[in-house]
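Trainee: Following this line is coords_33.txt, made up of compact mmCIF, C-alpha atoms:
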```txt
# COMPACT_ATOMS: atom_id res chain seq x y z
CA MET A 17 85.48 112.98 84.58
CA ASN A 18 82.23 111.16 83.91
CA ILE A 19 81.76 107.51 84.90
CA ARG A 20 78.78 105.86 83.25
CA LYS A 21 77.49 102.60 81.84
CA ALA A 22 78.82 101.95 78.39
CA GLU A 23 76.51 102.40 75.44
CA PRO A 24 76.50 100.48 72.14
CA ASN A 25 78.21 103.33 70.29
CA ASP A 26 81.18 103.10 72.73
CA ILE A 27 82.16 99.60 71.60
CA GLU A 28 84.97 100.52 69.20
CA GLU A 29 86.69 102.81 71.71
CA ILE A 30 86.34 100.15 74.41
CA ARG A 31 87.83 97.50 72.12
CA GLN A 32 90.78 99.80 71.39
CA LEU A 33 91.30 100.35 75.14
CA ASN A 34 91.09 96.59 75.68
CA HIS A 35 93.67 96.09 72.93
CA ARG A 36 96.00 98.48 74.79
CA LEU A 37 95.38 96.43 77.95
CA PHE A 38 96.41 93.27 76.08
CA LEU A 39 99.57 94.99 74.80
CA HIS A 40 100.30 96.13 78.37
CA ASP A 41 99.81 92.57 79.66
CA LEU A 42 101.87 90.88 76.95
CA PRO A 43 105.13 90.92 78.99
CA TYR A 44 103.32 88.98 81.73
CA ASP A 45 101.88 86.40 79.32
CA PRO A 46 103.72 86.05 75.98
CA ARG A 47 101.05 83.58 74.80
CA LEU A 48 98.32 86.20 75.07
CA ASN A 49 96.29 86.60 71.86
CA ILE A 50 96.69 90.36 71.54
CA GLY A 51 94.36 90.40 68.54
CA TRP A 52 91.40 89.07 70.59
CA PRO A 53 89.88 92.49 71.41
CA LEU A 54 89.72 93.38 67.71
CA GLU A 55 88.46 89.96 66.57
CA ASP A 56 84.84 88.79 66.47
CA PHE A 57 85.22 87.13 69.89
CA GLY A 58 86.11 90.46 71.46
CA GLU A 59 83.26 92.25 69.74
CA VAL A 60 80.72 89.66 70.93
CA TYR A 61 82.10 89.77 74.50
CA PHE A 62 81.82 93.56 74.74
CA LYS A 63 78.40 93.68 73.05
CA LYS A 64 77.08 91.25 75.67
CA ARG A 65 78.62 93.22 78.55
CA ILE A 66 77.40 96.57 77.19
CA SER A 67 73.87 95.29 76.56
CA GLY A 68 73.69 93.77 80.04
CA GLU A 69 73.11 90.29 78.64
CA THR A 70 76.08 88.77 80.49
CA GLY A 71 77.33 91.50 82.79
CA VAL A 72 78.18 95.17 82.62
CA CYS A 73 80.70 97.61 81.24
CA PHE A 74 81.41 101.01 82.77
CA VAL A 75 83.44 103.71 81.06
CA ALA A 76 85.35 106.79 82.18
CA GLU A 77 84.86 109.71 79.82
CA GLU A 78 86.86 112.92 79.69
CA GLY A 79 86.32 115.61 77.10
CA GLY A 80 84.12 113.41 74.92
CA ARG A 81 86.55 110.48 74.72
CA LEU A 82 86.90 107.30 76.73
CA VAL A 83 89.96 107.10 78.95
CA GLY A 84 89.12 103.90 80.81
CA TYR A 85 86.66 101.07 81.25
CA ALA A 86 85.83 98.17 83.54
CA THR A 87 83.75 95.06 82.87
CA GLY A 88 82.32 92.54 85.26
CA HIS A 89 79.66 89.95 85.83
CA VAL A 90 77.83 88.22 88.68
CA GLU A 91 77.25 84.50 88.90
CA SER A 92 76.89 81.78 91.48
CA GLU A 93 79.71 79.59 90.21
CA ILE A 94 82.68 81.69 89.18
CA ASP A 95 84.67 79.00 90.93
CA SER A 96 83.28 75.46 91.23
CA THR A 97 83.63 75.63 95.02
CA ASP A 98 81.64 78.85 95.47
CA THR A 99 78.94 78.92 98.11
CA ILE A 100 78.05 82.60 97.64
CA LEU A 101 77.05 84.84 94.77
CA ARG A 102 80.19 86.52 93.46
CA CYS A 103 81.07 89.32 91.14
CA GLU A 104 84.15 89.11 88.98
CA LEU A 105 85.99 92.20 87.83
CA ASP A 106 86.78 90.78 84.39
CA ASN A 107 89.08 93.53 83.22
CA ILE A 108 89.88 97.17 83.75
CA TYR A 109 92.05 99.61 81.88
CA VAL A 110 92.84 103.28 82.38
CA GLU A 111 94.96 105.30 79.97
CA ASP A 112 98.45 106.06 81.34
CA ALA A 113 97.80 109.80 81.64
CA TYR A 114 94.81 109.16 83.93
CA ARG A 115 96.31 106.52 86.22
CA ARG A 116 96.72 107.39 89.89
CA SER A 117 94.03 110.05 89.53
CA GLY A 118 91.12 108.05 90.95
CA VAL A 119 89.63 106.91 87.63
CA GLY A 120 90.22 103.23 88.37
CA ARG A 121 88.74 103.61 91.85
CA HIS A 122 85.61 105.23 90.43
CA LEU A 123 85.22 102.46 87.87
CA VAL A 124 85.58 99.75 90.52
CA SER A 125 83.18 101.62 92.81
CA GLU A 126 80.52 101.68 90.08
CA LEU A 127 81.05 97.97 89.53
CA ASP A 128 80.77 97.41 93.32
CA ASN A 129 77.39 99.11 93.38
CA TRP A 130 76.16 97.20 90.34
CA CYS A 131 77.23 93.89 91.91
CA LYS A 132 75.64 94.68 95.27
CA GLU A 133 72.35 95.52 93.51
CA ARG A 134 72.43 91.99 92.10
CA GLY A 135 73.06 90.40 95.49
CA ALA A 136 76.77 89.64 95.14
CA LYS A 137 78.59 89.21 98.44
CA ASN A 138 82.15 89.12 97.17
CA MET A 139 84.27 90.41 94.29
CA LEU A 140 87.05 88.47 92.61
CA VAL A 141 89.76 89.70 90.27
CA ILE A 142 92.63 87.87 88.61
CA ALA A 143 95.93 89.65 88.02
CA TYR A 144 99.18 88.49 86.49
CA ALA A 145 101.65 87.68 89.28
CA GLY A 146 104.28 89.93 87.70
CA ASN A 147 101.97 92.92 87.30
CA LEU A 148 102.86 94.51 90.62
CA ASP A 149 101.19 97.85 89.80
CA ALA A 150 97.86 96.11 89.21
CA ILE A 151 98.23 94.00 92.34
CA GLN A 152 99.04 97.11 94.39
CA PHE A 153 95.97 98.87 92.94
CA TYR A 154 93.69 95.94 93.79
CA GLU A 155 95.13 95.62 97.30
CA SER A 156 94.62 99.35 97.90
CA TYR A 157 90.96 98.78 97.07
CA GLY A 158 90.68 95.98 99.66
CA PHE A 159 91.37 92.91 97.55
CA LYS A 160 93.43 90.26 99.36
CA PRO A 161 95.24 87.21 98.04
CA PHE A 162 92.79 84.31 97.87
CA ALA A 163 94.32 81.54 95.77
CA LEU A 164 97.49 80.94 93.85
CA LYS A 165 97.26 79.58 90.33
CA LEU A 166 100.40 77.74 89.21
CA GLU A 167 101.26 76.51 85.74
CA ARG A 168 104.06 74.91 83.78
CA ASP A 169 104.78 74.27 80.14
CA LEU A 170 104.61 70.74 78.79
```
As structure tokens, please, write out the structure in this file.
Mentor:
Amino acid sequence: MNIRKAEPNDIEEIRQLNHRLFLHDLPYDPRLNIGWPLEDFGEVYFKKRISGETGVCFVAEEGGRLVGYATGHVESEIDSTDTILRCELDNIYVEDAYRRSGVGRHLVSELDNWCKERGAKNMLVIAYAGNLDAIQFYESYGFKPFALKLERDL
């Protein structure tokens, strides 16, 4: 398994992985625009992360194909009440066959190092409340509940 920064020629595989993430997340948010990763918005987002313009994208590669990725960014106001420089783990996805094998941990570890190099003191991630596997993964990596976001339909 090779963990590395994504390169421009990885974008289509990353967008396909992100599309699978959206399909995976659809039961937790039926309003999710599952086409976003394959639309222009998704392409622009990943180009900016891959180029380093607005963050970073790491990939996990096995046998010449991508089996996972993680994106993140560092900024001083991820939340309007922030008093420290934070990193946000924007999204992460690992193919089913590679889950629970350490791939996700390695991706998050690379993002940790990248964030620390930029002076971040804290990492934030948002997970769907019903996605207990994701929450368990994040908690096993040291994430703790920080805030609760509530919503209702109008």
Trainee: Using only C-alpha atoms, what table do you get, as a Markdown table, when you list each residue of region 62-161 of chain A with an atom no more than 10 Å from region 28-49 of chain A, its nearest pair of atoms, and their distance in Å rounded to one decimal, rows by chain then rising number?
Mentor:
```
| residue | atom | partner | partner_atom | distance |
| --- | --- | --- | --- | --- |
| A:Phe62 | CA | A:Arg31 | CA | 7.6 |
| A:Cys73 | CA | A:Ile30 | CA | 9.2 |
| A:Phe74 | CA | A:Ile30 | CA | 9.7 |
| A:Val75 | CA | A:Ile30 | CA | 8.1 |
| A:Arg81 | CA | A:Glu29 | CA | 8.2 |
| A:Leu82 | CA | A:Glu29 | CA | 6.7 |
| A:Val83 | CA | A:Leu33 | CA | 7.9 |
| A:Gly84 | CA | A:Leu33 | CA | 7.0 |
| A:Tyr85 | CA | A:Ile30 | CA | 6.9 |
| A:Ala86 | CA | A:Ile30 | CA | 9.4 |
| A:Asn107 | CA | A:Asn34 | CA | 8.4 |
| A:Ile108 | CA | A:Leu37 | CA | 8.0 |
| A:Tyr109 | CA | A:Leu37 | CA | 6.1 |
| A:Val110 | CA | A:Leu33 | CA | 8.0 |
| A:Glu111 | CA | A:Leu33 | CA | 7.8 |
| A:Ala143 | CA | A:Asp41 | CA | 9.7 |
| A:Tyr144 | CA | A:Tyr44 | CA | 6.3 |
| A:Ala145 | CA | A:Tyr44 | CA | 7.8 |
| A:Gly146 | CA | A:Tyr44 | CA | 6.1 |
| A:Asn147 | CA | A:Tyr44 | CA | 7.0 |
```
Trainee: Find the residue from A:Gly68, A:Val90, A:Glu23, A:Asn18 that sits nearest to Arg134 (chain A); use all atoms listed in the file when measuring.
Mentor: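 Going through A:Gly68, A:Val90, A:Glu23, A:Asn18 one by one, the smallest distance to Arg134 (chain A) is for A:Val90.
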Trainee: When you count all atoms listed in the file, which of these residues is closest to Val141 (chain A): A:Leu170, A:Glu126, A:Glu104, A:Tyr157?
Mentor: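 Among the listed residues, the smallest separation from Val141 (chain A) belongs to A:Glu104.
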Trainee: Using only C-alpha atoms, pick whichever of A:Ala22, A:Leu105, A:Ile100, A:Leu123 has the shortest atom-to-atom distance to Ala136 (chain A).
Mentor: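 Among the listed residues, the smallest separation from Ala136 (chain A) belongs to A:Ile100.
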Trainee: Would you mind listing what lies within 12 Å of region 160-164 of chain A as a list in words, with only C-alpha atoms counted and same-chain residues fewer than 2 positions away left out?
Mentor: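 Using only C-alpha atoms, the neighbours found are Asp95, Asn138, Met139, Leu140, Val141, Ile142, Ala143, Tyr144, Ala145, Ile151, Gln152, Phe153, Tyr154, Glu155, Ser156, Tyr157, Gly158, Leu166 and Glu167 of chain A.
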Trainee: Would you work out the distance separating CA of Ser117 (chain A) from CA of Gly80 (chain A), expressed in Å to one decimal?
Mentor: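 For CA of Ser117 (chain A) relative to CA of Gly80 (chain A), the distance reads 18.0 Å.
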Trainee: So what do you get for CA of Arg20 (chain A) versus CA of Glu59 (chain A), distance-wise?
Mentor: 19.7 Å
Trainee: Just how far from CA of Lys21 (chain A) is CA of His122 (chain A), in Å to one decimal?
Mentor: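 Interatomic distance here is 12.1 Å.
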Trainee: Looking at A:Val124, A:Val119, A:Ala113, A:Cys131, which one is nearest to Glu91 (chain A), with distances taken over all atoms listed in the file?
Mentor: A:Cys131
Trainee: Draw an axis-aligned box tight on the listed atoms of region 103-116 of chain A, then pad every side by 8 Å and write out centre and edge lengths in Å to one decimal as lines of an AutoDock Vina configuration file.
Mentor:
```
center_x = 89.8
center_y = 99.5
center_z = 85.6
size_x = 33.4
size_y = 36.7
size_z = 27.2
```
